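Quick look at my_file_12.pdb (PDB, C-alpha atoms and all ligand atoms):
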MODEL        1
ATOM      1  CA  MET N   1      10.386  12.643  19.397
ATOM      2  CA  GLU N   2       9.777   8.907  18.817
ATOM      3  CA  LYS N   3       9.061   8.096  15.144
ATOM      4  CA  VAL N   4       6.031   5.793  15.053
ATOM      5  CA  ALA N   5       4.816   4.209  11.815
ATOM      6  CA  LEU N   6       1.509   2.395  11.342
ATOM      7  CA  LEU N   7       1.663  -0.467   8.812
ATOM      8  CA  THR N   8      -1.520  -2.072   7.567
ATOM      9  CA  GLY N   9      -1.365  -5.369   5.679
ATOM     10  CA  ALA N  10       1.731  -5.901   7.803
ATOM     11  CA  ALA N  11       1.731  -9.700   7.413
ATOM     12  CA  GLY N  12       1.789  -9.430   3.604
ATOM     13  CA  GLY N  13       4.838  -9.501   1.356
ATOM     14  CA  LEU N  14       5.214  -5.754   0.960
ATOM     15  CA  GLY N  15       4.271  -5.107   4.604
ATOM     16  CA  GLN N  16       7.094  -7.337   5.836
ATOM     17  CA  ALA N  17       9.671  -5.792   3.503
ATOM     18  CA  LEU N  18       8.670  -2.289   4.564
ATOM     19  CA  ALA N  19       8.667  -3.196   8.257
ATOM     20  CA  ALA N  20      12.272  -4.381   7.921
ATOM     21  CA  LYS N  21      13.272  -1.145   6.151
ATOM     22  CA  LEU N  22      11.504   1.130   8.653
ATOM     23  CA  VAL N  23      13.146  -0.634  11.603
ATOM     24  CA  ARG N  24      16.530  -0.015   9.954
ATOM     25  CA  ASP N  25      15.525   3.661   9.640
ATOM     26  CA  GLY N  26      14.761   3.889  13.362
ATOM     27  CA  TRP N  27      10.961   3.789  13.337
ATOM     28  CA  THR N  28       8.869   2.217  16.084
ATOM     29  CA  LEU N  29       6.241   0.034  14.414
ATOM     30  CA  VAL N  30       2.530  -0.507  14.930
ATOM     31  CA  LEU N  31       1.661  -3.542  12.797
ATOM     32  CA  VAL N  32      -1.919  -4.234  11.731
ATOM     33  CA  GLY N  33      -3.437  -7.381  10.248
ATOM     34  CA  ARG N  34      -6.697  -9.271  10.412
ATOM     35  CA  ASP N  35      -5.088 -12.485  11.586
ATOM     36  CA  GLY N  36      -3.021 -12.520  14.787
ATOM     37  CA  GLU N  37      -1.356 -15.831  13.924
ATOM     38  CA  ARG N  38      -0.104 -14.508  10.568
ATOM     39  CA  LEU N  39       1.318 -11.442  12.318
ATOM     40  CA  ARG N  40       3.015 -13.580  14.953
ATOM     41  CA  ALA N  41       4.415 -15.941  12.314
ATOM     42  CA  ALA N  42       5.990 -12.937  10.582
ATOM     43  CA  TYR N  43       7.185 -10.953  13.597
ATOM     44  CA  GLY N  44       7.221 -13.241  16.665
ATOM     45  CA  ASN N  45       6.649 -11.057  19.727
ATOM     46  CA  SER N  46       8.346  -8.001  18.237
ATOM     47  CA  HIS N  47       6.635  -4.632  17.800
ATOM     48  CA  CYS N  48       3.120  -3.547  18.749
ATOM     49  CA  GLN N  49       0.793  -5.956  16.905
ATOM     50  CA  ILE N  50      -2.857  -5.039  16.392
ATOM     51  CA  ILE N  51      -5.603  -7.257  15.062
ATOM     52  CA  ALA N  52      -8.116  -5.151  13.142
ATOM     53  CA  ASP N  53      -9.916  -5.023   9.803
ATOM     54  CA  CYS N  54      -9.071  -1.596   8.401
ATOM     55  CA  SER N  55     -11.501  -2.032   5.496
ATOM     56  CA  THR N  56     -14.324  -0.959   7.837
ATOM     57  CA  VAL N  57     -14.863   2.380   9.573
ATOM     58  CA  ALA N  58     -15.018   0.696  12.979
ATOM     59  CA  GLY N  59     -11.913  -1.427  12.310
ATOM     60  CA  ALA N  60      -9.855   1.527  11.101
ATOM     61  CA  HIS N  61     -10.880   3.588  14.131
ATOM     62  CA  ASP N  62     -10.181   0.641  16.446
ATOM     63  CA  MET N  63      -6.597   0.182  15.205
ATOM     64  CA  LEU N  64      -5.743   3.820  16.014
ATOM     65  CA  GLU N  65      -7.456   3.486  19.393
ATOM     66  CA  GLN N  66      -5.459   0.336  20.197
ATOM     67  CA  ALA N  67      -2.254   2.168  19.260
ATOM     68  CA  ARG N  68      -3.249   5.063  21.530
ATOM     69  CA  VAL N  69      -3.934   2.694  24.436
ATOM     70  CA  ALA N  70      -0.460   1.205  23.839
ATOM     71  CA  GLY N  71       0.927   4.749  24.217
ATOM     72  CA  LEU N  72       1.827   5.137  20.544
ATOM     73  CA  GLN N  73       0.893   8.023  18.219
ATOM     74  CA  PRO N  74       1.699   7.055  14.610
ATOM     75  CA  THR N  75       2.853   9.984  12.493
ATOM     76  CA  ALA N  76       3.460   7.812   9.428
ATOM     77  CA  LEU N  77       1.040   5.470   7.703
ATOM     78  CA  ALA N  78       1.952   2.830   5.126
ATOM     79  CA  HIS N  79      -1.209   1.224   3.835
ATOM     80  CA  CYS N  80      -0.059  -2.119   2.365
ATOM     81  CA  VAL N  81      -3.490  -3.743   2.082
ATOM     82  CA  GLY N  82      -4.776  -4.995  -1.262
ATOM     83  CA  ASN N  83      -5.444  -7.944  -3.488
ATOM     84  CA  ILE N  84      -5.179  -8.828  -7.178
ATOM     85  CA  ARG N  85      -8.028 -10.655  -8.924
ATOM     86  CA  LEU N  86      -7.671 -10.554 -12.664
ATOM     87  CA  GLY N  87     -10.236 -11.240 -15.359
ATOM     88  CA  ALA N  88     -11.902  -9.507 -18.280
ATOM     89  CA  LEU N  89     -14.720  -7.155 -17.295
ATOM     90  CA  HIS N  90     -17.460  -9.534 -18.474
ATOM     91  CA  ARG N  91     -16.018 -12.389 -16.410
ATOM     92  CA  VAL N  92     -15.611 -10.637 -13.048
ATOM     93  CA  SER N  93     -18.369 -11.647 -10.625
ATOM     94  CA  GLU N  94     -20.103  -9.131  -8.417
ATOM     95  CA  GLU N  95     -18.514 -10.829  -5.412
ATOM     96  CA  ASP N  96     -14.991 -10.593  -6.852
ATOM     97  CA  PHE N  97     -15.473  -6.956  -7.844
ATOM     98  CA  GLN N  98     -16.647  -6.104  -4.319
ATOM     99  CA  ALA N  99     -13.675  -7.955  -2.830
ATOM    100  CA  VAL N 100     -11.260  -5.985  -5.015
ATOM    101  CA  LEU N 101     -12.925  -2.672  -4.182
ATOM    102  CA  THR N 102     -12.987  -3.456  -0.465
ATOM    103  CA  ALA N 103      -9.363  -4.564  -0.204
ATOM    104  CA  ASN N 104      -7.889  -1.852  -2.410
ATOM    105  CA  LEU N 105     -10.102   1.249  -2.274
ATOM    106  CA  VAL N 106     -12.510   1.026   0.679
ATOM    107  CA  SER N 107      -9.694   0.038   3.045
ATOM    108  CA  ALA N 108      -7.565   2.952   1.808
ATOM    109  CA  PHE N 109     -10.416   5.432   2.318
ATOM    110  CA  HIS N 110     -11.262   4.373   5.885
ATOM    111  CA  THR N 111      -7.633   3.915   6.954
ATOM    112  CA  LEU N 112      -6.567   7.323   5.661
ATOM    113  CA  ALA N 113      -9.629   8.933   7.281
ATOM    114  CA  ALA N 114      -8.838   7.390  10.683
ATOM    115  CA  PHE N 115      -5.123   8.276  10.419
ATOM    116  CA  THR N 116      -5.683  11.920   9.449
ATOM    117  CA  ALA N 117      -8.329  12.290  12.186
ATOM    118  CA  SER N 118      -5.875  10.963  14.770
ATOM    119  CA  LEU N 119      -3.150  13.395  13.626
ATOM    120  CA  ARG N 120      -5.534  16.313  13.690
ATOM    121  CA  GLU N 121      -6.804  15.436  17.171
ATOM    122  CA  SER N 122      -3.215  15.514  18.439
ATOM    123  CA  ALA N 123      -2.321  18.533  16.269
ATOM    124  CA  VAL N 124       0.779  16.813  14.876
ATOM    125  CA  PRO N 125       2.006  16.626  11.275
ATOM    126  CA  GLY N 126       2.449  13.328   9.478
ATOM    127  CA  ALA N 127       2.717  11.457   6.199
ATOM    128  CA  ALA N 128       0.853   8.639   4.505
ATOM    129  CA  VAL N 129       1.790   6.440   1.589
ATOM    130  CA  LEU N 130      -0.742   4.268  -0.211
ATOM    131  CA  VAL N 131      -0.159   1.596  -2.838
ATOM    132  CA  SER N 132      -1.588   1.862  -6.335
ATOM    133  CA  SER N 133      -0.575  -0.235  -9.355
ATOM    134  CA  ALA N 134       0.891   0.305 -12.810
ATOM    135  CA  ALA N 135      -2.446  -0.991 -14.113
ATOM    136  CA  ALA N 136      -4.154   2.195 -12.906
ATOM    137  CA  ARG N 137      -1.921   4.250 -15.205
ATOM    138  CA  VAL N 138      -1.972   2.335 -18.477
ATOM    139  CA  GLY N 139      -4.705   0.131 -19.939
ATOM    140  CA  THR N 140      -3.733  -3.459 -19.200
ATOM    141  CA  PRO N 141      -5.882  -6.388 -20.356
ATOM    142  CA  ASN N 142      -7.906  -8.224 -17.707
ATOM    143  CA  HIS N 143      -7.104  -5.687 -14.986
ATOM    144  CA  GLU N 144     -10.437  -3.804 -15.071
ATOM    145  CA  ALA N 145     -11.401  -4.420 -11.428
ATOM    146  CA  VAL N 146      -8.044  -3.673  -9.850
ATOM    147  CA  ALA N 147      -7.422  -0.754 -12.249
ATOM    148  CA  ALA N 148     -10.752   0.807 -11.238
ATOM    149  CA  ALA N 149      -9.972   0.388  -7.552
ATOM    150  CA  LYS N 150      -6.400   1.687  -7.783
ATOM    151  CA  GLY N 151      -7.503   4.589  -9.985
ATOM    152  CA  GLY N 152      -9.767   5.503  -7.072
ATOM    153  CA  VAL N 153      -6.824   5.267  -4.681
ATOM    154  CA  GLU N 154      -4.803   7.694  -6.828
ATOM    155  CA  ALA N 155      -7.661  10.205  -6.943
ATOM    156  CA  LEU N 156      -8.153   9.820  -3.187
ATOM    157  CA  VAL N 157      -4.462  10.585  -2.634
ATOM    158  CA  ARG N 158      -4.585  13.837  -4.618
ATOM    159  CA  SER N 159      -7.754  15.092  -2.960
ATOM    160  CA  ALA N 160      -6.689  14.191   0.585
ATOM    161  CA  ALA N 161      -3.258  15.754  -0.017
ATOM    162  CA  ALA N 162      -5.012  18.991  -0.949
ATOM    163  CA  THR N 163      -7.364  18.873   2.042
ATOM    164  CA  TYR N 164      -4.662  18.234   4.650
ATOM    165  CA  ALA N 165      -1.675  20.181   3.308
ATOM    166  CA  ASN N 166      -2.516  23.052   5.669
ATOM    167  CA  PHE N 167      -2.303  20.639   8.601
ATOM    168  CA  GLY N 168       1.196  19.496   7.644
ATOM    169  CA  ILE N 169      -0.101  16.103   6.538
ATOM    170  CA  ARG N 170       1.391  14.675   3.329
ATOM    171  CA  VAL N 171      -0.334  11.997   1.262
ATOM    172  CA  ASN N 172       1.357  10.118  -1.577
ATOM    173  CA  ALA N 173       1.144   6.784  -3.354
ATOM    174  CA  VAL N 174       3.476   4.391  -5.110
ATOM    175  CA  ALA N 175       2.488   2.469  -8.232
ATOM    176  CA  PRO N 176       4.469  -0.746  -8.730
ATOM    177  CA  GLY N 177       4.448  -3.233 -11.546
ATOM    178  CA  ILE N 178       4.308  -6.891 -10.657
ATOM    179  CA  MET N 179       6.288  -7.764  -7.515
ATOM    180  CA  ASP N 180       7.426 -11.009  -5.999
ATOM    181  CA  THR N 181       4.887 -11.319  -3.131
ATOM    182  CA  PRO N 182       2.112 -13.774  -2.180
ATOM    183  CA  ALA N 183      -0.452 -11.573  -3.969
ATOM    184  CA  ALA N 184       1.285 -12.217  -7.289
ATOM    185  CA  ALA N 185       2.062 -15.909  -6.670
ATOM    186  CA  ARG N 186      -0.610 -17.134  -9.064
ATOM    187  CA  LEU N 187       0.590 -14.788 -11.830
ATOM    188  CA  ILE N 188       4.283 -15.686 -11.706
ATOM    189  CA  GLY N 189       4.152 -19.119 -10.080
ATOM    190  CA  SER N 190       5.752 -21.083 -12.940
ATOM    191  CA  PRO N 191       9.070 -20.232 -14.618
ATOM    192  CA  ALA N 192       7.260 -19.728 -17.970
ATOM    193  CA  ALA N 193       4.692 -17.328 -16.470
ATOM    194  CA  ARG N 194       7.419 -15.475 -14.639
ATOM    195  CA  GLU N 195       9.472 -15.035 -17.797
ATOM    196  CA  ALA N 196       6.437 -13.881 -19.776
ATOM    197  CA  ALA N 197       5.550 -11.347 -17.059
ATOM    198  CA  ALA N 198       9.128 -10.072 -16.912
ATOM    199  CA  ARG N 199       9.180  -9.477 -20.683
ATOM    200  CA  GLN N 200       6.277  -7.002 -20.452
ATOM    201  CA  TYR N 201       8.491  -4.345 -18.925
ATOM    202  CA  PRO N 202      10.708  -1.973 -20.916
ATOM    203  CA  LEU N 203      13.335  -2.715 -18.268
ATOM    204  CA  PRO N 204      12.665  -6.468 -18.199
ATOM    205  CA  GLY N 205      12.289  -8.190 -14.856
ATOM    206  CA  ILE N 206      10.098  -8.688 -11.808
ATOM    207  CA  GLY N 207      10.203  -6.017  -9.115
ATOM    208  CA  THR N 208      10.850  -6.758  -5.481
ATOM    209  CA  SER N 209       9.010  -5.623  -2.395
ATOM    210  CA  ALA N 210      12.355  -4.501  -0.936
ATOM    211  CA  GLU N 211      12.805  -1.967  -3.772
ATOM    212  CA  LEU N 212       9.318  -0.574  -3.256
ATOM    213  CA  ALA N 213       9.894  -0.441   0.503
ATOM    214  CA  GLU N 214      12.911   1.835  -0.075
ATOM    215  CA  LEU N 215      10.756   4.299  -2.029
ATOM    216  CA  MET N 216       7.904   4.198   0.483
ATOM    217  CA  ALA N 217      10.286   4.794   3.398
ATOM    218  CA  TRP N 218      11.803   7.726   1.505
ATOM    219  CA  LEU N 219       8.357   9.254   0.997
ATOM    220  CA  LEU N 220       7.452   8.797   4.677
ATOM    221  CA  GLY N 221      10.694  10.222   6.031
ATOM    222  CA  THR N 222      12.046  13.759   6.195
ATOM    223  CA  THR N 223      13.616  12.990   2.794
ATOM    224  CA  GLY N 224      10.138  13.334   1.268
ATOM    225  CA  SER N 225       9.065  16.379   3.266
ATOM    226  CA  ARG N 226       8.379  18.517   0.128
ATOM    227  CA  VAL N 227       6.403  15.799  -1.673
ATOM    228  CA  THR N 228       2.633  15.496  -1.483
ATOM    229  CA  GLY N 229      -0.241  14.539  -3.776
ATOM    230  CA  GLN N 230       2.050  12.409  -5.965
ATOM    231  CA  VAL N 231       1.886   8.906  -7.362
ATOM    232  CA  TRP N 232       5.388   7.541  -7.946
ATOM    233  CA  SER N 233       5.753   4.719 -10.431
ATOM    234  CA  LEU N 234       8.205   1.891  -9.879
ATOM    235  CA  ASP N 235       7.429  -0.275 -12.877
ATOM    236  CA  GLY N 236      10.460  -0.591 -15.174
ATOM    237  CA  GLY N 237       8.962   2.075 -17.463
ATOM    238  CA  PHE N 238       5.762   0.091 -18.102
ATOM    239  CA  SER N 239       3.376   3.012 -17.637
ATOM    240  CA  SER N 240       5.379   5.734 -19.360
ATOM    241  CA  ILE N 241       7.640   4.571 -22.196
ATOM    242  CA  ARG N 242       7.710   2.370 -25.262
ATOM    243  CA  PRO N 243      11.187   0.980 -25.957
ATOM    244  CA  LEU N 244      12.604   0.902 -29.468
ATOM    245  CA  VAL N 245      11.503  -2.340 -31.103
ATOM    246  CA  LYS N 246      14.524  -4.262 -32.466
TER
HETATM  247  N1  LIG V 301       2.423  -8.007  -5.657
HETATM  248  C1  LIG V 301       2.206  -7.341  -6.784
HETATM  249  O1  LIG V 301       2.561  -7.769  -7.893
HETATM  250  C2  LIG V 301       1.523  -5.998  -6.712
HETATM  251  C3  LIG V 301       1.464  -5.216  -7.879
HETATM  252  C4  LIG V 301       0.839  -3.981  -7.830
HETATM  253  C5  LIG V 301       0.306  -3.532  -6.629
HETATM  254  N2  LIG V 301       0.371  -4.325  -5.498
HETATM  255  C6  LIG V 301      -0.195  -3.810  -4.257
HETATM  256  O2  LIG V 301       0.761  -3.892  -3.226
HETATM  257  C7  LIG V 301       0.072  -3.915  -1.963
HETATM  258  C8  LIG V 301       0.677  -4.987  -1.086
HETATM  259  O3  LIG V 301       0.353  -6.241  -1.639
HETATM  260  P1  LIG V 301       1.300  -7.521  -1.462
HETATM  261  O4  LIG V 301       1.875  -7.765  -2.795
HETATM  262  O5  LIG V 301       2.178  -7.356  -0.272
HETATM  263  O6  LIG V 301       0.189  -8.629  -1.201
HETATM  264  P2  LIG V 301      -0.027  -9.632   0.009
HETATM  265  O7  LIG V 301       1.249 -10.285   0.392
HETATM  266  O8  LIG V 301      -1.177 -10.507  -0.388
HETATM  267  O9  LIG V 301      -0.478  -8.685   1.214
HETATM  268  C9  LIG V 301      -1.692  -7.989   1.162
HETATM  269  C10 LIG V 301      -2.219  -7.773   2.566
HETATM  270  O10 LIG V 301      -3.500  -7.147   2.425
HETATM  271  C11 LIG V 301      -4.333  -7.580   3.471
HETATM  272  N3  LIG V 301      -5.725  -7.639   2.971
HETATM  273  C12 LIG V 301      -6.170  -8.239   1.845
HETATM  274  N4  LIG V 301      -7.490  -8.040   1.712
HETATM  275  C13 LIG V 301      -7.882  -7.283   2.783
HETATM  276  C14 LIG V 301      -9.124  -6.753   3.198
HETATM  277  N5  LIG V 301     -10.264  -6.937   2.505
HETATM  278  N6  LIG V 301      -9.155  -6.026   4.343
HETATM  279  C15 LIG V 301      -8.031  -5.834   5.074
HETATM  280  N7  LIG V 301      -6.820  -6.336   4.724
HETATM  281  C16 LIG V 301      -6.757  -7.039   3.593
HETATM  282  C17 LIG V 301      -3.844  -8.945   3.906
HETATM  283  O11 LIG V 301      -3.824  -8.845   5.291
HETATM  284  P3  LIG V 301      -4.242 -10.016   6.323
HETATM  285  O12 LIG V 301      -2.933 -10.473   6.848
HETATM  286  O13 LIG V 301      -5.051  -9.274   7.298
HETATM  287  O14 LIG V 301      -4.980 -11.067   5.540
HETATM  288  C18 LIG V 301      -2.428  -9.056   3.343
HETATM  289  O15 LIG V 301      -1.484  -9.108   4.386
HETATM  290  C19 LIG V 301      -1.416  -4.106  -2.306
HETATM  291  O16 LIG V 301      -2.075  -2.860  -2.273
HETATM  292  C20 LIG V 301      -1.372  -4.627  -3.734
HETATM  293  O17 LIG V 301      -2.563  -4.317  -4.452
HETATM  294  C21 LIG V 301       0.971  -5.539  -5.531
ENDMDL
END

Encoded form (C-alpha cells):
Amino acid sequence: MEKVALLTGAAGGLGQALAAKLVRDGWTLVLVGRDGERLRAAYGNSHCQIIADCSTVAGAHDMLEQARVAGLQPTALAHCVGNIRLGALHRVSEEDFQAVLTANLVSAFHTLAAFTASLRESAVPGAAVLVSSAAARVGTPNHEAVAAAKGGVEALVRSAAATYANFGIRVNAVAPGIMDTPAAARLIGSPAAREAAARQYPLPGIGTSAELAELMAWLLGTTGSRVTGQVWSLDGGFSSIRPLVK
C-alpha cells in the first residue's frame, strides 16, 4: 500500500527538512501551507501541494478533502506549524498571545481532529507527530506564551493517543530545543546571540531541523509502531539534566 504523509507547515524550516527525509524513506507527500508561492519556492512542482489554513476547522477539513480529491489518503501526519514570540508574561499583548495559541495549539487541535476523522472514515490505522518545545517541560524565562501553548499540545497528544489507540492510531510529539530555522532567526541571528543560546544546553550547541526530522520520521514509520502518547525530547539535555558545574 502507498505510504502517504501529510505535512503541515511544509514551507517552514522543519517542514522542508522532514519532507526531504520522508521522501528518502519512500513516502508520498501531501504538503500544506497557507501561501502557494512559498510552497512552490520550496518544492517547485513536486508533490501534491495544498493551500489551506489548518488553524481553522474549515481549513483543516479542506486540506484532507483536497488530498482525497487528489486520490491520496494520508496515514501519517506531521504537524510542523508553529511560531515563537518571546516576552515576559506582563509584556505579551493579547494579540501576540492569541497568535501564539492559534499557531501552536489551535492548529494542532483542528489538524489532529481532521486527520483522525479521515482515518476513521476509511477505517485505516495511522500515526501523527506534533511538535512541542523544551520550554513546555522546564520553566524558561520569557517563554510563557509558547510554553502555555506547547504544554497544551503535549496534553492533547496524551489524551488523543488514549482515545484513538483502539483504532490503531498513534499520536506522539517531539520537543526540541532551539533549532536553526526561520522561526528562530531573531533569537540566534548574530554570532553572539547564537553562542549564548548554544551555551544554555548541557550538550552545548544549536539543534538542526534535519536531526529532528530523523526522530519524527522514526515515530511515523513502522519503527515507532509500539510508541504512542509520548513526548520525545531532543534538546541536548536541557529539560532533564543539570551538568556538573566546573
Ligand atoms: N525553530 C526552533 O527553534 C523551534 C524550537 C522549538 C519548537 N519549534 C517548533 O517547531 C515547529 C516548526 O517550526 P519551524 O522552526 O520550522 O518554523 P518556521 O520555519 O517558521 O515554520 C513554521 C510554519 O508554520 C506555519 N504557520 C505559522 N503560523 C501559522 C498559523 N497561524 N496557521 C497555520 N500555519 C502557520 C508557517 O506556514 P506558512 O508557510 O503557511 O506561513 C510556517 O511554514 C513549530 O511548531 C515550532 O513551534 C521550533

Name the residues, by chain letter and number, that sit within 6 Å of ligand LIG 301 (chain V) using all atoms listed in the file, and give them as a compact mmCIF listing (two decimals) with C-alpha atoms, in the frame of the given file.
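Okay, this is what ended up in pocket_34.txt:
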# COMPACT_ATOMS: atom_id res chain seq x y z
CA GLY N 9 -1.36 -5.37 5.68
CA ALA N 10 1.73 -5.90 7.80
CA ALA N 11 1.73 -9.70 7.41
CA GLY N 12 1.79 -9.43 3.60
CA GLY N 13 4.84 -9.50 1.36
CA LEU N 14 5.21 -5.75 0.96
CA GLY N 15 4.27 -5.11 4.60
CA GLY N 33 -3.44 -7.38 10.25
CA ARG N 34 -6.70 -9.27 10.41
CA ASP N 35 -5.09 -12.48 11.59
CA ASP N 53 -9.92 -5.02 9.80
CA CYS N 54 -9.07 -1.60 8.40
CA SER N 55 -11.50 -2.03 5.50
CA CYS N 80 -0.06 -2.12 2.37
CA VAL N 81 -3.49 -3.74 2.08
CA GLY N 82 -4.78 -5.00 -1.26
CA ASN N 83 -5.44 -7.94 -3.49
CA ILE N 84 -5.18 -8.83 -7.18
CA THR N 102 -12.99 -3.46 -0.46
CA ALA N 103 -9.36 -4.56 -0.20
CA ASN N 104 -7.89 -1.85 -2.41
CA VAL N 131 -0.16 1.60 -2.84
CA SER N 132 -1.59 1.86 -6.34
CA SER N 133 -0.57 -0.24 -9.36
CA PRO N 176 4.47 -0.75 -8.73
CA GLY N 177 4.45 -3.23 -11.55
CA ILE N 178 4.31 -6.89 -10.66
CA MET N 179 6.29 -7.76 -7.52
CA ASP N 180 7.43 -11.01 -6.00
CA THR N 181 4.89 -11.32 -3.13
CA PRO N 182 2.11 -13.77 -2.18
CA ALA N 183 -0.45 -11.57 -3.97
CA ALA N 184 1.28 -12.22 -7.29

**OP:** Can you turn the PyMOL selection byres (((chain N and resi 136) around 8) and not hetatm) into a concrete residue list for this file, as a list in words?
**Re:**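 So the PyMOL selection byres (((chain N and resi 136) around 8) and not hetatm), applied here, picks out Ser132, Ser133, Ala134, Ala135, Arg137, Val138, Gly139, Val146, Ala147, Ala148, Lys150 and Gly151 of chain N.
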
Please produce a file of those selected residues containing C-alpha atoms, as a PDB file, in the coordinates of the input.
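Saved as part.pdb:
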ATOM      1  CA  SER N 132      -1.588   1.862  -6.335  1.00  0.00           C
ATOM      2  CA  SER N 133      -0.575  -0.235  -9.355  1.00  0.00           C
ATOM      3  CA  ALA N 134       0.891   0.305 -12.810  1.00  0.00           C
ATOM      4  CA  ALA N 135      -2.446  -0.991 -14.113  1.00  0.00           C
ATOM      5  CA  ARG N 137      -1.921   4.250 -15.205  1.00  0.00           C
ATOM      6  CA  VAL N 138      -1.972   2.335 -18.477  1.00  0.00           C
ATOM      7  CA  GLY N 139      -4.705   0.131 -19.939  1.00  0.00           C
ATOM      8  CA  VAL N 146      -8.044  -3.673  -9.850  1.00  0.00           C
ATOM      9  CA  ALA N 147      -7.422  -0.754 -12.249  1.00  0.00           C
ATOM     10  CA  ALA N 148     -10.752   0.807 -11.238  1.00  0.00           C
ATOM     11  CA  LYS N 150      -6.400   1.687  -7.783  1.00  0.00           C
ATOM     12  CA  GLY N 151      -7.503   4.589  -9.985  1.00  0.00           C
TER      13      GLY N 151
END

Original post:
Counting only C-alpha atoms, which of N:Pro202, N:Pro243, N:Gly152, N:Gly224 gets nearest to N:Ala108?
Top reply: N:Gly152

**OP:** Identify which of the residues N:Ala42, N:Ala60, N:Val231, N:Leu86 lies closest to N:Ser118, counting all atoms listed in the file when measuring atom-to-atom distances.
**Re:**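 For N:Ser118, the nearest of the given residues is N:Ala60.
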
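From atom CA of N:Ala127 back to atom CA of N:Gln98, the distance works out to 28.2 Å.
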
Original post:
Using only C-alpha atoms, which of N:Ala145, N:Val23, N:Val57, N:Ala5 sits nearest N:Arg85?
Top reply: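 Looking only at the distances to N:Arg85, the closest residue turns out to be N:Ala145.
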
What's the 6 Å shell around N:Leu31, counting all atoms listed in the file, without same-chain residues fewer than 2 positions away, as a PDB file with C-alpha atoms, in the frame of the given file?
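Wrote selection-v4.pdb, looks like this:
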ATOM      1  CA  LEU N   7       1.663  -0.467   8.812  1.00  0.00           C
ATOM      2  CA  ALA N  10       1.731  -5.901   7.803  1.00  0.00           C
ATOM      3  CA  GLN N  49       0.793  -5.956  16.905  1.00  0.00           C
ATOM      4  CA  ILE N  50      -2.857  -5.039  16.392  1.00  0.00           C
TER       5      ILE N  50
END

**OP:** Take the PyMOL selection byres (((chain N and resi 214) around 12) and not hetatm), apply it to the structure above, and return the hits as a list of chain:residue names.
**Re:**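 When the PyMOL selection byres (((chain N and resi 214) around 12) and not hetatm) is applied, the selected residues are N:Leu14, N:Ala17, N:Leu18, N:Ala19, N:Ala20, N:Lys21, N:Leu22, N:Val23, N:Arg24, N:Asp25, N:Val174, N:Thr208, N:Ser209, N:Ala210, N:Glu211, N:Leu212, N:Ala213, N:Leu215, N:Met216, N:Ala217, N:Trp218, N:Leu219, N:Leu220, N:Gly221, N:Thr223, N:Gly224, N:Leu234.
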
Subject >> N:Gln200, N:Arg40, N:Glu144, N:Met1 ranked by distance to N:Val124, top pick (using all atoms listed in the file) >> reply: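 The answer is N:Met1, which sits nearest to N:Val124.
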
**OP:** Compile the contact shell of N:Ala88 as a VMD selection string: residues with an atom at most 6 Å away, counting all atoms listed in the file, same-chain residues fewer than 2 positions apart removed.
**Re:** chain N and resid 90 to 91 142

C-alpha atoms of the current selection, written as a PDB file, keeping the file's coordinate frame:
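Dumped to part.pdb:
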ATOM      1  CA  HIS N  90     -17.460  -9.534 -18.474  1.00  0.00           C
ATOM      2  CA  ARG N  91     -16.018 -12.389 -16.410  1.00  0.00           C
ATOM      3  CA  ASN N 142      -7.906  -8.224 -17.707  1.00  0.00           C
TER       4      ASN N 142
END

**OP:** One decimal, Å: what's the distance from atom CA of N:Ala155 over to atom CA of N:Leu105, could you say?
**Re:**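 That distance, rounded to one decimal, is 10.4 Å.
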
Original post:
Care to translate the PyMOL selection byres (((chain N and resi 171) around 6) and not hetatm) into actual residues of this file, as a PyMOL selection string?
Top reply: chain N and resi 127-129+157+161+170+172+228-229

**OP:** Using all atoms listed in the file, pick whichever of N:Gln73, N:Thr8, N:Ser122, N:Asn45 has the shortest atom-to-atom distance to N:Thr28.
**Re:** N:Gln73

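Proximity to N:Gly71 was assessed for N:Ala113, N:Val30, N:Ala193, N:Ala175 counting all atoms listed in the file; the smallest distance is recorded for N:Val30.
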
Original post:
Interatomic distance between atom CA of N:Ile169 and atom CA of N:Asp235?
Top reply: 26.5 Å

Original post:
Counting all atoms listed in the file, what is within 9 Å of N:Lys3, bar same-chain residues fewer than 4 positions away, as a list in words?
Top reply: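 Using all atoms listed in the file, the neighbours found are Gly26, Trp27, Thr28, Leu29, Gln73, Pro74, Thr75 and Ala76 of chain N.
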